[in-house]
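Written below as structure tokens is the structure these notes are about.
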Amino acid sequence: MSKVVIIGGGIIGATTAYALLGKGITDITILERDTVGSGGTGKTAGIIRCHYGVTSICALALYSLDFFENAKELIGTDIEFEQVGYLVGIGEENLEPFRASLANQRSIGVETEEITPAAAKELWPTANVDDFATFCLEKRGGYGDGYATVQGLAAYLRTQGVAIKQGAKVAELLAADGKVSGVKLVDGEIVEADVVVVAAGAWSVPLLAPLGIDLPITPQFVQEVVIDPAMELGTPPVFSDLVSMQYVHLRGPELLFGNSDGTSVTPITDPDVYPNHASNEAIERTAEKAILRFPGIEDPGVSTTTTGQVDSTPDNNAIISATDISGLFVAAGMSGHGFKISPGVGRLMADLIVEGDSTIPNVKASDFRLSRFAEGDLLLSPYPYVGAVGIR
Ligand SMILES: Cc1cc2nc3c(=O)[nH]c(=O)nc-3n(C[C@H](O)[C@H](O)[C@H](O)COP(=O)(O)OP(=O)(O)OC[C@H]3O[C@@H](n4cnc5c(N)ncnc54)[C@H](O)[C@@H]3O)c2cc1C
């Protein structure tokens, strides 16, 4: 029976433990330097959708939906998944990749339908939809709460005997003769293990570097803006506007806005050092776009901003991979869209540990291998959208 140590108490560490339990592995310890959900997971906008061009990612998201929809039954907690649907609007320039991507999504079982701008307007009556060519609606999409989800998972994991140690910062990975043997904490304690999973986001980089493993992950500062619409909006779907390149969804009675043109995401050197509020420039840009798109909201006001840090790779896709060191695995580099695929990522990691390959339909494990970067074989959508960041 393997003894597994998972470094990182974010959603990826938690879902990996959850999936390992499902395979009968019970000797699991999660080591979290701070508190569960204190990293990117606690800051996520939480958008859940399967709209991806890369088949393996689309399939990870589809697999994950079952967890989000059935969490209450599976782990006994309400994780606050608001299944309001996910709406994507595009301009003429993106018609071809959009329809090709939708066809691919449907071919693996994603429920998504193309709808007219008039039908989209019924869902978002305050929006101006005149400059869109078409829309699609994914009814099973929506948004979740990263903090509630990871806390719910942690509570469940504890009931199943998983040890979750908070305030347990790993200083060093221990390996000899090409095989991992455990980790050493900053206080000198050694935790032995047959298998170590590094799921520590951008903080994974310095953990693996001393072993000669180079993770091409750059921490990036992300800014989002919360706008008070000062009116009742009902329950509209999450709206991904690929004309003005922004996304928006309800957060309580307010609206959370983000930019999808890349300008609100900037590289930083230290994943722990970034402002806790958005810049005036980002606020103004977001507010301008929001006002233009939603003329029906008569008296909007910026109420607050949220910021965070995402762990981006060169192809904006995750590393879910074995390494050259036996027993040492990595699940990091979620590139700002790891929440919606997290149950699938955890399952794929458990598959790699136990079976050595993916058992999730339509997910190719090799797509997420670490060596793809050195090989120049990046994981990119065959249907890229003009003007949008490559995470669709
Ligand atoms: C503002 C924002 C908006 C986002 N919006 C979305 C969205 O709409 N949809 C979506 O799917 N995704 C979104 N994401 C991305 C998503 O939240 C992340 O991809 C996901 O939460 C990453 O989970 P993780 O477990 O890999 O990392 P984290 O949650 O960062 O967890 C890593 C953990 O490792 C711990 N750690 C680090 N070093 C050590 C060490 N040495 N020893 C022990 N523990 C250590 C950290 O403290 C941290 O808790 C967003 C992210 C942000 C920041």
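Labels used: A, B, ... for chains in the order of the structure tokens, numbers from 1 for residues in each chain, and numbers from 1 for ligands as shown.
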
Extract, using only C-alpha atoms, all DNA, RNA and protein residues at most 6 Å from range 343-349 of chain A, discarding same-chain residues fewer than 6 positions from it, and format them as an mmCIF file with N, CA and C atoms, in the first residue's frame.
data_model
loop_
_atom_site.group_PDB
_atom_site.id
_atom_site.type_symbol
_atom_site.label_atom_id
_atom_site.label_comp_id
_atom_site.auth_asym_id
_atom_site.auth_seq_id
_atom_site.Cartn_x
_atom_site.Cartn_y
_atom_site.Cartn_z
ATOM 1 N N THR A 15 -8.584 17.516 -4.643
ATOM 2 C CA THR A 15 -9.244 16.596 -5.585
ATOM 3 C C THR A 15 -8.359 15.383 -5.881
ATOM 4 N N THR A 16 -7.052 15.571 -5.809
ATOM 5 C CA THR A 16 -6.154 14.423 -5.999
ATOM 6 C C THR A 16 -6.355 13.417 -4.866
ATOM 7 N N ALA A 19 -9.666 11.606 -5.357
ATOM 8 C CA ALA A 19 -9.628 10.571 -6.401
ATOM 9 C C ALA A 19 -8.797 9.365 -5.961
ATOM 10 N N LEU A 60 -11.854 16.881 -19.477
ATOM 11 C CA LEU A 60 -11.603 17.030 -18.031
ATOM 12 C C LEU A 60 -12.715 17.865 -17.403
ATOM 13 N N TYR A 63 -15.931 15.787 -17.229
ATOM 14 C CA TYR A 63 -15.827 14.836 -16.112
ATOM 15 C C TYR A 63 -16.098 15.568 -14.785
ATOM 16 N N SER A 64 -15.541 16.776 -14.682
ATOM 17 C CA SER A 64 -15.625 17.542 -13.437
ATOM 18 C C SER A 64 -17.049 17.979 -13.117
ATOM 19 N N SER A 358 -4.288 7.642 -18.290
ATOM 20 C CA SER A 358 -5.637 8.173 -18.058
ATOM 21 C C SER A 358 -6.707 7.095 -18.214
#

ask   = Near range 195-211 of chain A, counting only C-alpha atoms, which residues have an atom at most 7 Å away, once you skip same-chain residues fewer than 2 positions from it, shown as a PyMOL selection string?
value = chain A and resi 2-8+12-13+172-173+180+182+193+213-215+217-219+271+311+327-333

Distance filter 6 Å around ligand 1, atoms: only C-alpha atoms and all ligand atoms, out as number ranges by chain = A: 7-13, 31-34, 36-41, 43-48, 168-171, 199-201, 203, 222, 307-310, 332, 334-340

inquiry  = Need the shell around range 226-232 of chain A: protein/DNA/RNA residues with any atom at most 12 Å away, counting only C-alpha atoms. Skip same-chain ones fewer than 2 positions apart. Format as a PyMOL selection string?
reply    = chain A and resi 45+124-126+223-224+234-236+247-258+277-278+282-284+286-291+294-307

Write the residues you've just listed into a file as a PDB file, in the first residue's frame, and include C-alpha atoms for each of them.
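The result, stored in result.pdb:
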ATOM      1  CA  ALA A  45     -13.998  33.618  -9.941  1.00  0.00           C
ATOM      2  CA  TRP A 124     -29.354  39.266 -20.447  1.00  0.00           C
ATOM      3  CA  PRO A 125     -31.996  41.950 -21.153  1.00  0.00           C
ATOM      4  CA  THR A 126     -29.638  44.740 -20.031  1.00  0.00           C
ATOM      5  CA  GLN A 223      -7.326  41.798 -11.466  1.00  0.00           C
ATOM      6  CA  GLU A 224     -11.122  41.674 -11.441  1.00  0.00           C
ATOM      7  CA  GLY A 234     -32.521  37.905 -11.946  1.00  0.00           C
ATOM      8  CA  THR A 235     -30.250  34.917 -12.517  1.00  0.00           C
ATOM      9  CA  PRO A 236     -28.554  35.438 -15.880  1.00  0.00           C
ATOM     10  CA  TYR A 247     -16.529  37.956 -18.737  1.00  0.00           C
ATOM     11  CA  VAL A 248     -19.130  38.634 -16.112  1.00  0.00           C
ATOM     12  CA  HIS A 249     -21.234  36.774 -13.609  1.00  0.00           C
ATOM     13  CA  LEU A 250     -23.322  37.513 -10.575  1.00  0.00           C
ATOM     14  CA  ARG A 251     -21.665  37.496  -7.203  1.00  0.00           C
ATOM     15  CA  GLY A 252     -24.523  37.840  -4.779  1.00  0.00           C
ATOM     16  CA  PRO A 253     -26.467  40.889  -5.960  1.00  0.00           C
ATOM     17  CA  GLU A 254     -23.351  42.317  -7.656  1.00  0.00           C
ATOM     18  CA  LEU A 255     -21.451  41.573 -10.853  1.00  0.00           C
ATOM     19  CA  LEU A 256     -17.896  40.286 -11.093  1.00  0.00           C
ATOM     20  CA  PHE A 257     -16.135  41.472 -14.253  1.00  0.00           C
ATOM     21  CA  GLY A 258     -12.861  40.266 -15.720  1.00  0.00           C
ATOM     22  CA  HIS A 277      -6.580  45.775  -5.149  1.00  0.00           C
ATOM     23  CA  ALA A 278      -6.853  46.404  -8.886  1.00  0.00           C
ATOM     24  CA  ALA A 282      -7.722  48.226 -14.777  1.00  0.00           C
ATOM     25  CA  ILE A 283     -10.804  49.581 -12.995  1.00  0.00           C
ATOM     26  CA  GLU A 284     -11.375  52.268 -15.611  1.00  0.00           C
ATOM     27  CA  THR A 286     -13.260  47.320 -16.998  1.00  0.00           C
ATOM     28  CA  ALA A 287     -15.880  49.931 -16.140  1.00  0.00           C
ATOM     29  CA  GLU A 288     -15.765  51.411 -19.650  1.00  0.00           C
ATOM     30  CA  LYS A 289     -16.254  48.008 -21.275  1.00  0.00           C
ATOM     31  CA  ALA A 290     -18.995  47.066 -18.830  1.00  0.00           C
ATOM     32  CA  ILE A 291     -20.945  50.261 -19.441  1.00  0.00           C
ATOM     33  CA  PHE A 294     -24.701  46.797 -20.534  1.00  0.00           C
ATOM     34  CA  PRO A 295     -26.465  50.064 -21.389  1.00  0.00           C
ATOM     35  CA  GLY A 296     -29.588  48.700 -19.670  1.00  0.00           C
ATOM     36  CA  ILE A 297     -27.875  48.985 -16.294  1.00  0.00           C
ATOM     37  CA  GLU A 298     -28.610  52.621 -15.640  1.00  0.00           C
ATOM     38  CA  ASP A 299     -26.646  53.487 -12.538  1.00  0.00           C
ATOM     39  CA  PRO A 300     -23.725  51.064 -12.074  1.00  0.00           C
ATOM     40  CA  GLY A 301     -20.978  51.749  -9.546  1.00  0.00           C
ATOM     41  CA  VAL A 302     -17.660  50.045  -8.809  1.00  0.00           C
ATOM     42  CA  SER A 303     -18.018  48.529  -5.357  1.00  0.00           C
ATOM     43  CA  THR A 304     -14.729  46.673  -4.929  1.00  0.00           C
ATOM     44  CA  THR A 305     -11.998  44.777  -6.749  1.00  0.00           C
ATOM     45  CA  THR A 306     -10.448  41.361  -6.330  1.00  0.00           C
ATOM     46  CA  THR A 307      -6.936  40.280  -7.208  1.00  0.00           C
TER      47      THR A 307
END

key: DSSP strand (DSSP E or B) residues within range 64-215 of chain A, listed as a ChimeraX atom specification   = /A:82,86-90,113-115,134-138,142-143,163-166,170-176,179-185,190-192,195-198

task = Could you pull out the residues in range 122-283 of chain A that DSSP calls helix (DSSP H, G or I) from the backbone, as a VMD selection string?
result = chain A and resid 122 to 123 146 to 159 201 to 211 280 to 283
